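Everything below belongs to data_36.cif, which stores mmCIF, C-alpha atoms and all ligand atoms.
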data_run
#
loop_
_atom_site.label_atom_id
_atom_site.label_comp_id
_atom_site.auth_asym_id
_atom_site.auth_seq_id
_atom_site.Cartn_x
_atom_site.Cartn_y
_atom_site.Cartn_z
CA MET S 23 45.18 103.61 107.41
CA ASP S 24 44.44 103.79 103.65
CA TYR S 25 47.10 102.61 101.22
CA GLN S 26 48.14 106.13 100.18
CA SER S 27 48.83 107.12 103.82
CA ALA S 28 50.65 103.81 104.29
CA LEU S 29 52.87 104.55 101.30
CA GLY S 30 53.46 108.10 102.51
CA SER S 31 54.44 106.80 105.95
CA LEU S 32 57.35 104.83 104.45
CA PHE S 33 58.90 108.18 103.58
CA SER S 34 58.48 109.57 107.12
CA PRO S 35 60.87 108.89 110.04
CA GLU S 36 58.17 106.97 112.03
CA GLY S 37 57.26 104.79 109.05
CA ARG S 38 60.90 104.07 108.36
CA HIS S 39 61.44 103.02 111.99
CA ASP S 40 58.66 100.43 111.73
CA PRO S 41 57.51 99.95 108.12
CA TYR S 42 55.73 96.64 108.79
CA PRO S 43 52.22 97.98 109.58
CA ALA S 44 52.38 100.03 106.36
CA TYR S 45 53.50 96.99 104.37
CA ASP S 46 50.44 95.07 105.67
CA VAL S 47 48.13 97.80 104.37
CA LEU S 48 49.89 97.98 100.99
CA ARG S 49 49.90 94.18 100.54
CA ALA S 50 46.20 93.97 101.44
CA HIS S 51 45.56 96.73 98.87
CA ALA S 52 47.22 94.85 95.97
CA PRO S 53 50.14 92.58 95.02
CA ALA S 54 51.32 95.52 92.89
CA PHE S 55 49.95 99.03 92.35
CA LEU S 56 50.81 102.24 90.51
CA ALA S 57 51.61 105.00 93.03
CA PRO S 58 51.41 108.78 92.59
CA ASP S 59 55.21 108.85 92.09
CA GLU S 60 54.46 106.85 88.88
CA ARG S 61 56.28 103.78 90.13
CA TRP S 62 54.75 100.33 90.55
CA TYR S 63 55.15 99.02 94.10
CA VAL S 64 55.34 95.23 94.45
CA THR S 65 54.27 93.89 97.84
CA THR S 66 53.91 90.08 97.81
CA HIS S 67 56.45 87.28 98.10
CA ALA S 68 55.17 85.44 95.01
CA LEU S 69 55.29 88.46 92.70
CA THR S 70 58.63 89.72 94.06
CA THR S 71 60.38 86.39 93.52
CA ARG S 72 58.81 86.07 90.06
CA LEU S 73 59.73 89.58 88.88
CA LEU S 74 63.32 89.39 90.19
CA ARG S 75 63.81 86.46 87.79
CA ASP S 76 61.76 87.77 84.84
CA PRO S 77 63.86 88.41 81.68
CA ALA S 78 61.52 91.33 80.85
CA VAL S 79 62.68 93.14 84.01
CA ARG S 80 66.05 94.90 84.18
CA LEU S 81 68.13 97.37 86.18
CA ALA S 82 68.39 101.08 85.37
CA ASP S 83 71.96 101.12 84.00
CA SER S 84 74.48 103.77 82.92
CA ARG S 85 72.62 104.37 79.63
CA ASP S 86 69.42 105.20 81.51
CA TYR S 87 71.36 107.51 83.83
CA ASP S 88 72.88 109.26 80.76
CA GLN S 89 69.33 110.04 79.67
CA PHE S 90 67.66 111.19 82.86
CA TRP S 91 70.68 112.66 84.68
CA PRO S 92 73.51 113.45 82.20
CA GLU S 93 75.83 114.74 84.99
CA TRP S 94 75.66 111.57 87.12
CA ARG S 95 79.33 110.69 86.61
CA GLN S 96 80.36 113.91 88.34
CA ASN S 97 79.08 112.48 91.64
CA ARG S 98 81.62 109.74 92.31
CA GLY S 99 79.42 108.12 94.96
CA VAL S 100 76.66 107.64 92.40
CA ALA S 101 79.20 106.65 89.73
CA SER S 102 80.73 103.93 91.87
CA VAL S 103 77.31 102.29 92.28
CA VAL S 104 76.10 102.81 88.69
CA LEU S 105 79.35 101.46 87.22
CA SER S 106 79.32 98.38 89.45
CA MET S 107 77.61 95.08 88.64
CA LEU S 108 74.69 96.10 90.88
CA GLN S 109 73.42 98.45 88.13
CA MET S 110 74.38 96.50 85.03
CA ASN S 111 72.42 94.41 82.55
CA PRO S 112 73.55 91.54 80.34
CA PRO S 113 75.90 91.14 78.55
CA ASP S 114 77.99 93.53 80.73
CA HIS S 115 76.52 92.22 83.98
CA THR S 116 77.24 88.62 83.01
CA ARG S 117 80.86 89.45 82.15
CA VAL S 118 81.57 91.52 85.27
CA ARG S 119 79.73 89.24 87.70
CA ARG S 120 81.59 86.22 86.31
CA ALA S 121 84.96 87.95 86.85
CA ALA S 122 84.06 88.93 90.43
CA ALA S 123 82.50 85.53 91.23
CA ALA S 124 85.69 83.82 90.04
CA THR S 125 87.57 85.65 92.81
CA PHE S 126 84.79 85.30 95.39
CA THR S 127 84.80 81.51 95.44
CA ALA S 128 82.98 79.18 97.84
CA ARG S 129 86.40 77.80 98.88
CA ARG S 130 87.73 81.27 99.69
CA ILE S 131 84.60 82.09 101.73
CA ALA S 132 84.50 78.77 103.63
CA ALA S 133 88.18 79.28 104.50
CA MET S 134 87.17 82.49 106.27
CA ARG S 135 85.36 80.65 109.11
CA ASP S 136 88.40 80.62 111.40
CA VAL S 137 89.32 84.22 110.56
CA ILE S 138 85.75 85.28 111.40
CA ALA S 139 85.73 83.32 114.68
CA GLY S 140 89.16 84.70 115.66
CA GLN S 141 88.18 88.30 114.97
CA ALA S 142 84.81 87.87 116.72
CA GLU S 143 86.47 86.41 119.85
CA GLU S 144 88.94 89.30 120.03
CA LEU S 145 86.17 91.87 119.68
CA ILE S 146 84.08 90.16 122.37
CA LYS S 147 87.02 90.03 124.79
CA ALA S 148 87.68 93.73 124.19
CA MET S 149 84.04 94.80 124.65
CA PRO S 150 83.63 97.17 127.62
CA ALA S 151 81.03 96.49 130.35
CA THR S 152 78.73 99.07 128.77
CA ALA S 153 79.12 99.30 125.03
CA ASP S 154 77.52 100.40 121.81
CA PHE S 155 77.22 97.05 120.05
CA MET S 156 77.34 98.71 116.60
CA THR S 157 80.69 100.40 117.31
CA SER S 158 82.29 97.65 119.33
CA PHE S 159 81.20 94.61 117.30
CA ALA S 160 78.62 94.92 114.50
CA TYR S 161 80.77 97.19 112.30
CA PRO S 162 84.30 96.08 113.18
CA LEU S 163 83.61 92.39 112.48
CA PRO S 164 82.39 92.64 108.86
CA ILE S 165 84.86 95.48 108.15
CA GLY S 166 87.70 93.29 109.43
CA VAL S 167 86.48 90.29 107.44
CA ILE S 168 85.98 92.05 104.09
CA CYS S 169 89.27 93.92 104.55
CA ALA S 170 91.03 90.60 105.24
CA LEU S 171 89.51 89.21 102.02
CA LEU S 172 90.39 92.27 99.96
CA GLY S 173 93.84 92.55 101.52
CA VAL S 174 93.28 96.00 103.04
CA PRO S 175 95.87 96.67 105.77
CA ASP S 176 94.62 96.73 109.39
CA SER S 177 95.64 100.34 109.87
CA ASP S 178 93.24 101.54 107.13
CA ARG S 179 90.10 99.81 108.45
CA ALA S 180 88.76 102.44 110.82
CA TRP S 181 88.68 104.88 107.93
CA PHE S 182 86.04 102.93 105.99
CA ARG S 183 82.96 103.02 108.21
CA GLN S 184 82.11 106.70 107.69
CA ARG S 185 82.99 106.59 103.99
CA ALA S 186 80.62 103.66 103.45
CA ALA S 187 77.81 105.33 105.42
CA ASP S 188 78.26 108.51 103.35
CA LEU S 189 78.32 106.61 100.08
CA THR S 190 75.30 104.32 100.58
CA VAL S 191 72.95 107.26 100.89
CA VAL S 192 72.82 107.11 97.06
CA LEU S 193 70.73 103.93 97.41
CA GLU S 194 67.95 105.81 99.19
CA PRO S 195 64.97 107.06 97.13
CA ILE S 196 65.32 110.58 98.57
CA SER S 197 68.50 112.35 99.74
CA THR S 198 69.52 115.95 100.44
CA VAL S 199 72.09 118.05 98.53
CA ASP S 200 74.46 117.84 101.51
CA GLU S 201 74.16 114.06 101.63
CA MET S 202 74.89 113.84 97.91
CA GLU S 203 78.02 115.97 98.39
CA LEU S 204 79.20 113.64 101.14
CA ALA S 205 78.52 110.65 98.87
CA ASP S 206 80.62 112.28 96.14
CA ALA S 207 83.52 112.88 98.54
CA ALA S 208 83.30 109.30 99.88
CA GLY S 209 83.25 107.91 96.33
CA ARG S 210 86.37 109.92 95.44
CA ASP S 211 88.20 108.85 98.61
CA LEU S 212 87.38 105.18 98.09
CA GLU S 213 88.34 105.23 94.40
CA ASP S 214 91.66 106.92 95.25
CA TYR S 215 92.24 104.33 97.95
CA PHE S 216 91.72 101.40 95.58
CA ILE S 217 93.76 103.01 92.76
CA GLY S 218 96.67 102.94 95.22
CA LEU S 219 95.97 99.40 96.43
CA ILE S 220 95.61 97.99 92.88
CA ALA S 221 98.93 99.56 91.86
CA GLU S 222 100.57 98.13 94.97
CA ARG S 223 99.18 94.63 94.34
CA ARG S 224 100.26 94.71 90.70
CA ARG S 225 103.81 95.34 91.95
CA HIS S 226 103.57 92.84 94.81
CA PRO S 227 100.80 90.26 94.22
CA ARG S 228 99.27 88.53 97.26
CA GLU S 229 96.67 85.84 97.97
CA ASP S 230 93.82 88.36 98.19
CA LEU S 231 90.79 89.49 96.23
CA THR S 232 92.29 92.80 95.15
CA THR S 233 95.23 90.96 93.54
CA ALA S 234 92.79 88.56 91.84
CA LEU S 235 90.57 91.38 90.53
CA ALA S 236 93.57 93.48 89.49
CA ALA S 237 94.60 90.54 87.28
CA SER S 238 91.27 90.59 85.40
CA GLY S 239 92.30 93.56 83.24
CA ASP S 240 91.46 91.67 80.05
CA THR S 241 87.78 91.30 81.08
CA LEU S 242 87.19 94.40 83.21
CA THR S 243 87.91 98.05 82.38
CA GLY S 244 89.86 99.99 85.01
CA GLU S 245 86.68 101.88 85.90
CA GLU S 246 84.73 98.63 86.38
CA MET S 247 87.47 97.16 88.54
CA LEU S 248 87.39 100.17 90.84
CA ALA S 249 83.60 100.38 91.05
CA ASN S 250 83.33 96.71 91.94
CA LEU S 251 86.05 96.87 94.57
CA VAL S 252 84.21 99.80 96.18
CA LEU S 253 80.94 97.84 95.91
CA LEU S 254 82.42 94.72 97.51
CA LEU S 255 83.84 96.74 100.35
CA VAL S 256 80.74 98.82 101.02
CA ALA S 257 78.17 96.05 100.37
CA GLY S 258 80.43 93.77 102.36
CA PHE S 259 79.94 95.51 105.65
CA GLU S 260 77.10 98.05 105.70
CA THR S 261 74.49 95.33 105.28
CA THR S 262 76.21 92.70 107.41
CA ALA S 263 76.69 95.16 110.29
CA ASN S 264 72.95 95.78 110.14
CA LEU S 265 72.21 92.04 110.13
CA LEU S 266 74.33 91.66 113.29
CA GLY S 267 72.65 94.62 115.01
CA LEU S 268 69.10 93.67 114.01
CA GLY S 269 69.73 90.04 114.96
CA LEU S 270 71.21 90.80 118.37
CA HIS S 271 68.34 93.15 119.15
CA LEU S 272 65.84 90.41 118.25
CA LEU S 273 67.65 87.76 120.31
CA LEU S 274 68.17 89.84 123.43
CA GLY S 275 64.52 90.92 123.31
CA ARG S 276 63.52 87.22 123.30
CA PRO S 277 65.48 85.55 126.12
CA ALA S 278 63.92 82.09 125.52
CA GLU S 279 65.06 82.14 121.89
CA ALA S 280 68.52 83.41 122.87
CA GLU S 281 68.75 80.56 125.40
CA ARG S 282 67.78 78.02 122.73
CA LEU S 283 70.52 79.25 120.39
CA ARG S 284 73.06 79.33 123.25
CA ALA S 285 72.23 75.70 124.07
CA HIS S 286 72.09 74.58 120.41
CA PRO S 287 74.61 76.54 118.31
CA ASP S 288 73.88 74.18 115.41
CA LEU S 289 70.55 76.04 115.07
CA ALA S 290 72.45 79.18 114.00
CA PRO S 291 71.68 78.80 110.24
CA ALA S 292 67.91 78.66 110.92
CA PHE S 293 68.11 81.61 113.34
CA VAL S 294 70.02 83.68 110.80
CA GLU S 295 67.47 82.95 108.04
CA GLU S 296 64.62 83.96 110.35
CA ILE S 297 66.43 87.16 111.39
CA LEU S 298 66.92 87.99 107.70
CA ARG S 299 63.23 87.35 107.04
CA TYR S 300 61.87 89.11 110.10
CA ASP S 301 63.88 92.32 109.78
CA SER S 302 65.71 92.47 106.46
CA PRO S 303 68.81 94.72 106.32
CA VAL S 304 67.84 95.59 102.71
CA GLN S 305 64.20 96.63 102.45
CA LEU S 306 63.70 97.34 98.77
CA THR S 307 65.20 97.18 95.31
CA SER S 308 64.21 98.76 92.00
CA ARG S 309 63.83 97.63 88.40
CA LEU S 310 62.46 98.69 84.98
CA THR S 311 60.20 96.64 82.68
CA THR S 312 61.41 96.10 79.12
CA GLU S 313 58.02 94.98 77.77
CA PRO S 314 54.39 94.98 78.94
CA LEU S 315 53.88 92.45 81.74
CA ASP S 316 50.75 90.65 82.87
CA LEU S 317 51.00 90.39 86.67
CA GLY S 318 47.78 88.40 87.14
CA ASP S 319 44.78 89.65 89.16
CA GLY S 320 43.90 91.88 86.18
CA LEU S 321 47.09 93.91 86.62
CA SER S 322 49.21 94.83 83.63
CA VAL S 323 52.32 96.97 83.67
CA PRO S 324 53.48 98.81 80.54
CA ALA S 325 57.00 98.62 79.09
CA GLY S 326 59.45 101.09 80.63
CA ALA S 327 57.66 101.18 84.01
CA GLY S 328 59.66 101.65 87.22
CA LEU S 329 59.19 98.86 89.78
CA THR S 330 59.91 99.18 93.50
CA MET S 331 60.03 95.77 95.11
CA LEU S 332 59.37 95.87 98.82
CA LEU S 333 61.55 92.97 100.00
CA GLY S 334 60.63 93.65 103.64
CA SER S 335 56.94 93.32 102.75
CA ALA S 336 57.48 90.10 100.78
CA ASN S 337 59.22 88.62 103.83
CA ARG S 338 56.12 89.25 105.98
CA ASP S 339 53.57 88.04 103.41
CA PRO S 340 50.92 85.88 105.19
CA ALA S 341 50.32 84.00 101.91
CA ARG S 342 53.89 82.67 102.19
CA TYR S 343 54.52 82.59 105.97
CA ASP S 344 52.09 81.49 108.72
CA ASP S 345 51.77 84.16 111.39
CA PRO S 346 54.41 86.28 109.61
CA HIS S 347 54.89 88.83 112.41
CA ARG S 348 56.05 86.12 114.81
CA PHE S 349 59.80 85.50 115.10
CA ASP S 350 60.09 81.72 114.71
CA PRO S 351 63.40 80.16 113.66
CA GLY S 352 61.62 76.79 113.64
CA ARG S 353 59.46 77.64 110.63
CA PRO S 354 60.11 75.38 107.62
CA ASN S 355 61.72 76.47 104.35
CA ILE S 356 62.28 80.13 105.32
CA GLN S 357 64.00 81.40 102.15
CA PRO S 358 63.60 85.16 102.65
CA VAL S 359 64.06 87.52 99.69
CA SER S 360 66.51 89.62 101.72
CA PHE S 361 69.39 88.80 99.34
CA GLY S 362 67.29 89.53 96.24
CA GLY S 363 66.92 86.90 93.51
CA GLY S 364 67.77 86.06 89.91
CA ALA S 365 70.93 87.26 88.17
CA HIS S 366 71.68 89.94 90.81
CA TYR S 367 71.26 87.60 93.80
CA CYS S 368 73.68 88.85 96.43
CA LEU S 369 77.20 87.69 95.63
CA GLY S 370 78.15 88.00 99.29
CA ALA S 371 75.22 86.02 100.75
CA PRO S 372 77.38 83.00 101.79
CA LEU S 373 79.85 85.34 103.53
CA ALA S 374 77.17 87.38 105.31
CA ARG S 375 75.43 84.19 106.48
CA LEU S 376 78.71 82.69 107.70
CA GLU S 377 79.62 85.82 109.68
CA ALA S 378 76.24 85.89 111.43
CA GLN S 379 76.18 82.12 112.03
CA VAL S 380 79.59 82.30 113.71
CA ALA S 381 78.98 85.57 115.60
CA PHE S 382 75.65 84.98 117.39
CA PRO S 383 76.53 81.71 119.19
CA LEU S 384 79.92 83.16 120.20
CA LEU S 385 78.33 86.32 121.58
CA LEU S 386 75.75 84.34 123.56
CA THR S 387 78.22 81.83 125.02
CA MET S 388 81.14 84.17 125.72
CA LEU S 389 78.84 86.87 127.16
CA PRO S 390 76.02 84.93 128.90
CA ARG S 391 74.72 88.08 130.64
CA LEU S 392 74.72 90.27 127.52
CA ALA S 393 71.61 92.50 127.68
CA LEU S 394 70.05 95.53 126.00
CA THR S 395 70.24 98.77 127.96
CA GLY S 396 69.29 102.37 127.20
CA VAL S 397 67.73 103.42 123.93
CA ALA S 398 68.45 101.63 120.67
CA GLU S 399 68.54 104.19 117.84
CA ARG S 400 67.38 103.18 114.39
CA ARG S 401 69.11 104.59 111.33
CA ASP S 402 66.86 106.99 109.47
CA ARG S 403 67.02 104.99 106.26
CA LEU S 404 64.41 103.13 104.26
CA VAL S 405 66.55 100.92 102.04
CA LEU S 406 69.37 99.91 104.41
CA ARG S 407 67.66 99.06 107.67
CA GLY S 408 69.58 98.88 110.92
CA PHE S 409 70.66 100.61 114.11
CA SER S 410 72.94 103.61 114.44
CA ALA S 411 73.39 102.85 118.15
CA LEU S 412 72.57 99.71 120.14
CA PRO S 413 73.60 100.08 123.80
CA VAL S 414 74.30 96.82 125.64
CA THR S 415 75.79 95.71 128.95
CA THR S 416 77.95 92.64 129.14
CA GLY S 417 76.87 92.07 132.78
C1 LIG S 501 73.61 92.33 95.82
C2 LIG S 501 71.59 92.15 100.22
C3 LIG S 501 75.92 91.21 102.20
C4 LIG S 501 77.98 91.90 97.89
C5 LIG S 501 72.70 92.31 96.84
C6 LIG S 501 71.27 92.41 96.66
C7 LIG S 501 70.71 92.39 97.89
C8 LIG S 501 71.77 92.24 98.85
C9 LIG S 501 69.21 92.51 98.22
C10 LIG S 501 70.53 92.48 95.32
C11 LIG S 501 70.19 93.87 94.95
C12 LIG S 501 69.31 93.90 93.72
O1 LIG S 501 68.92 92.86 93.17
O2 LIG S 501 68.98 95.01 93.28
C13 LIG S 501 72.60 91.88 101.13
C14 LIG S 501 72.38 91.64 102.54
C15 LIG S 501 73.60 91.37 103.09
C16 LIG S 501 74.58 91.44 102.03
C17 LIG S 501 71.01 91.70 103.23
C18 LIG S 501 73.97 91.08 104.51
C19 LIG S 501 73.15 90.64 105.41
C20 LIG S 501 76.85 91.28 101.21
C21 LIG S 501 78.26 91.01 101.35
C22 LIG S 501 78.84 91.24 100.14
C23 LIG S 501 77.80 91.61 99.22
C24 LIG S 501 78.93 90.53 102.64
C25 LIG S 501 80.27 91.14 99.70
C26 LIG S 501 81.29 90.94 100.41
C27 LIG S 501 76.97 92.09 96.99
C28 LIG S 501 77.21 92.29 95.57
C29 LIG S 501 75.95 92.42 94.98
C30 LIG S 501 74.96 92.29 96.04
C31 LIG S 501 78.56 92.35 94.88
C32 LIG S 501 75.65 92.69 93.50
C33 LIG S 501 75.37 91.40 92.78
C34 LIG S 501 74.95 91.65 91.35
O3 LIG S 501 74.47 92.74 91.03
O4 LIG S 501 75.11 90.73 90.54
N1 LIG S 501 72.97 92.18 98.19
N2 LIG S 501 73.94 91.76 100.86
N3 LIG S 501 76.61 91.63 99.90
N4 LIG S 501 75.62 92.08 97.23
FE1 LIG S 501 74.79 91.82 99.02
#
Using structure tokens, write down the structure that the file contains.
Amino acid sequence: MDYQSALGSLFSPEGRHDPYPAYDVLRAHAPAFLAPDERWYVTTHALTTRLLRDPAVRLADSRDYDQFWPEWRQNRGVASVVLSMLQMNPPDHTRVRRAAAATFTARRIAAMRDVIAGQAEELIKAMPATADFMTSFAYPLPIGVICALLGVPDSDRAWFRQRAADLTVVLEPISTVDEMELADAAGRDLEDYFIGLIAERRRHPREDLTTALAASGDTLTGEEMLANLVLLLVAGFETTANLLGLGLHLLLGRPAEAERLRAHPDLAPAFVEEILRYDSPVQLTSRLTTEPLDLGDGLSVPAGAGLTMLLGSANRDPARYDDPHRFDPGRPNIQPVSFGGGAHYCLGAPLARLEAQVAFPLLLTMLPRLALTGVAERRDRLVLRGFSALPVTTG
């Protein structure tokens, strides 16, 4: 396969289902290259980690959107992402991230361990003999956990899964008109939901994140508050559900590894890092250069260039990982780039890790005969990688 076919395959259903052979071709071609879509694709671990931290690299923010798509605010799905910290640059990013991080404290996350374990145990006990793991566990757990943090009532939880799936299509490089309409509707629904919840918490404050964010009116505009609540909710479970699905699929396909984790639950942190590396729930992220950059190897990128960083490729880079296509939780110093890096490093990484570290040992010990059955269906997405259906039997 030449590198142009490899790149093209990433935009086809087959390539999206298994992008790793294409990444190998692209990485062997160059650490970074200019593609026909006029974007620079970054393929290696070293260059990805460097560029994510480079002050001459920034996000496309609302000002850029004003220029290349003046109507973007009319699509509320797009607006909720563009107005969130995910698409901001300093000084706005610094201000908004600080306000959100102040509510999303290490103490608050660590205190969630028992809530996570309690919810996971209930879901496991309720799992039918033949189940779709995504519907019966992978989605409900992170939805329940982020809703508990945000203070969203139990009765409203089921409503969120479809809204989040509809909204996150705006992260994909290519989407249809119908998908964009669904994203708009989901954005409107979620904004309306949080307008109501913020008003309620201002009247009756509680010990939750919505109350804490609603009190940051002197640092955040109303629009920013809403966009970041929607981001926390959606980022809080779409990706984590995929981590749980991808991880379970890997473990059940490798009975010796599953047995090792069952016998040694203290290995869960290493297993979770290797799952994140081996099959990252987020496969790419994008940036713009603010000045010309020398990338080494005779490569120079002009100012204003679009960068696509292939996180999934960086995680399988043989220059960084021995035998990168082997799943090996025993490898030293894993440090995948699955949570990004630099100023936008995932705010929810400690929570996502904790959920997975608690969930996998519980699943393996409470359901010792848990096994894959039927056909696992991959989501047809490039950026957010995961399963739409993962049939299992509990034995
Ligand atoms: C940012 C991945 C779970 C909230 C990011 C970024 C990545 C990522 C790659 C950086 C994007 C970029 O630099 O362009 C993941 C993965 C997760 C996960 C793989 C699960 C396995 C979560 C959870 C939450 C969360 C549970 C919140 C409850 C956020 C937020 C940002 C972010 C708020 C934006 C940070 C900023 O722009 O400063 N995530 N995430 N994520 N994530 Fe996560």
Best match for closeness to ligand LIG 501 (chain S) among S:Thr71, S:Thr125, S:Ser106, S:Thr416, counting all atoms listed in the file: S:Ser106
Closest contacts (stretch 98-147 of chain S/stretch 305-313 of chain S, max 12 Å, all atoms listed in the file) as CSV:
residue,atom,partner,partner_atom,distance
S:Leu108,CA,S:Thr307,CA,10.5
S:Gln109,CA,S:Arg309,CA,9.6
S:Met110,CA,S:Arg309,CA,11.1
S:Asn111,CA,S:Arg309,CA,10.9
Within 6 Å of ligand LIG 501 (chain S), counting all atoms listed in the file, which protein or nucleic acid residues do you find, written as a compact mmCIF listing (two decimals) with C-alpha atoms, keeping the file's coordinate frame?
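As a result, result-v4.txt now contains:
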# COMPACT_ATOMS: atom_id res chain seq x y z
CA MET S 107 77.61 95.08 88.64
CA LEU S 108 74.69 96.10 90.88
CA ARG S 119 79.73 89.24 87.70
CA LEU S 254 82.42 94.72 97.51
CA ALA S 257 78.17 96.05 100.37
CA GLY S 258 80.43 93.77 102.36
CA PHE S 259 79.94 95.51 105.65
CA THR S 261 74.49 95.33 105.28
CA THR S 262 76.21 92.70 107.41
CA LEU S 265 72.21 92.04 110.13
CA PRO S 303 68.81 94.72 106.32
CA VAL S 304 67.84 95.59 102.71
CA THR S 307 65.20 97.18 95.31
CA SER S 360 66.51 89.62 101.72
CA PHE S 361 69.39 88.80 99.34
CA GLY S 362 67.29 89.53 96.24
CA ALA S 365 70.93 87.26 88.17
CA HIS S 366 71.68 89.94 90.81
CA TYR S 367 71.26 87.60 93.80
CA CYS S 368 73.68 88.85 96.43
CA LEU S 369 77.20 87.69 95.63
CA GLY S 370 78.15 88.00 99.29
CA ALA S 371 75.22 86.02 100.75
CA LEU S 373 79.85 85.34 103.53
CA ALA S 374 77.17 87.38 105.31
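Minimum atom-to-atom distance to S:Phe216, evaluated using only C-alpha atoms, belongs to S:Asp178 out of S:Asp178, S:Glu194, S:Glu203, S:Asp350.
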Edge lengths and centre in Å, axis-aligned, stretch 49-67 of chain S plus 3 Å each side, as JSON:
{"center_x": 51.0, "center_y": 98.1, "center_z": 95.2, "size_x": 16.9, "size_y": 27.6, "size_z": 18.6}
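Distances to S:Arg375 were evaluated for S:Pro53, S:Pro175, S:Gly269, S:Gly37 using only C-alpha atoms, and the minimum falls at S:Gly269.
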Close residues, S:Leu266 itself excluded, 7 Å, all atoms listed in the file, min 4 positions apart in chain, as a VMD selection string: chain S and resid 160 262 270 378
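Distance annotation: of S:Ala381, S:Ala341, S:Ile196, S:Ala186, the residue with the minimal separation from S:Leu32 is S:Ile196; atom set is all atoms listed in the file.
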Closest of S:Gly209, S:Pro77, S:Pro150, S:Gly326 to S:Gln96 - atom-to-atom distances counting only C-alpha atoms: S:Gly209
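The residue that comes closest to S:Leu332, out of S:Val397, S:Ala50, S:Leu189, S:Val405 and on the basis of all atoms listed in the file, is S:Val405.
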Quick one: residues within 9 Å of stretch 218-229 of chain S, only C-alpha atoms, excluding same-chain residues fewer than 5 positions away - as a short mmCIF file (atom, residue, chain, number, x, y, z; two decimals) with C-alpha atoms, in the frame of the given file?
data_model
loop_
_atom_site.label_atom_id
_atom_site.label_comp_id
_atom_site.auth_asym_id
_atom_site.auth_seq_id
_atom_site.Cartn_x
_atom_site.Cartn_y
_atom_site.Cartn_z
CA LEU S 171 89.51 89.21 102.02
CA GLY S 173 93.84 92.55 101.52
CA VAL S 174 93.28 96.00 103.04
CA GLU S 213 88.34 105.23 94.40
CA ALA S 234 92.79 88.56 91.84
CA LEU S 235 90.57 91.38 90.53
CA ALA S 236 93.57 93.48 89.49
CA ALA S 237 94.60 90.54 87.28
CA LEU S 248 87.39 100.17 90.84
#
S:Glu399 environment, 9 Å, all atoms listed in the file, sequence neighbours closer than 5 positions dropped, as a list in words: Gly408, Phe409, Ser410, Ala411, Leu412 and Pro413 of chain S
Who sits within 6 Å of S:Ala336, only C-alpha atoms, same chain under 3 positions skipped, as a PyMOL selection string: chain S and resi 65-67+333+339
Could the residues in this selection be saved with C-alpha atoms as a PDB file, in the coordinates of the input?
ATOM      1  CA  THR S  65      54.270  93.890  97.840  1.00  0.00           C
ATOM      2  CA  THR S  66      53.910  90.080  97.810  1.00  0.00           C
ATOM      3  CA  HIS S  67      56.450  87.280  98.100  1.00  0.00           C
ATOM      4  CA  LEU S 333      61.550  92.970 100.000  1.00  0.00           C
ATOM      5  CA  ASP S 339      53.570  88.040 103.410  1.00  0.00           C
TER       6      ASP S 339
END
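Counting from atom CA of S:Thr232, the distance to atom CA of S:Phe159 is 24.8 Å.
Distance-wise, atom CA of S:Leu404 and atom CA of S:Phe33 end up 7.5 Å apart.
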Computed interatomic separation between atom CA of S:Leu273 and atom CA of S:Met149 (Å): 18.4 Å
Please, can stretch 174-183 of chain S be completed to N, CA and C atoms and returned as a short mmCIF file (atom, residue, chain, number, x, y, z; two decimals), in the coordinates of the input?
data_model
loop_
_atom_site.label_atom_id
_atom_site.label_comp_id
_atom_site.auth_asym_id
_atom_site.auth_seq_id
_atom_site.Cartn_x
_atom_site.Cartn_y
_atom_site.Cartn_z
N VAL S 174 93.10 94.62 102.57
CA VAL S 174 93.28 96.00 103.04
C VAL S 174 94.02 95.96 104.38
N PRO S 175 95.11 96.72 104.51
CA PRO S 175 95.87 96.67 105.77
C PRO S 175 95.04 97.07 106.98
N ASP S 176 95.33 96.45 108.14
CA ASP S 176 94.62 96.73 109.39
C ASP S 176 94.50 98.21 109.69
N SER S 177 95.59 98.93 109.46
CA SER S 177 95.64 100.34 109.87
C SER S 177 94.63 101.19 109.11
N ASP S 178 94.14 100.72 107.95
CA ASP S 178 93.24 101.54 107.13
C ASP S 178 91.76 101.26 107.43
N ARG S 179 91.49 100.29 108.32
CA ARG S 179 90.10 99.81 108.45
C ARG S 179 89.15 100.83 109.07
N ALA S 180 89.64 101.52 110.09
CA ALA S 180 88.76 102.44 110.82
C ALA S 180 88.20 103.51 109.89
N TRP S 181 88.99 103.83 108.88
CA TRP S 181 88.68 104.88 107.93
C TRP S 181 87.41 104.59 107.11
N PHE S 182 87.08 103.30 106.94
CA PHE S 182 86.04 102.93 105.99
C PHE S 182 84.60 103.14 106.45
N ARG S 183 84.36 103.03 107.76
CA ARG S 183 82.96 103.02 108.21
C ARG S 183 82.22 104.27 107.75
#
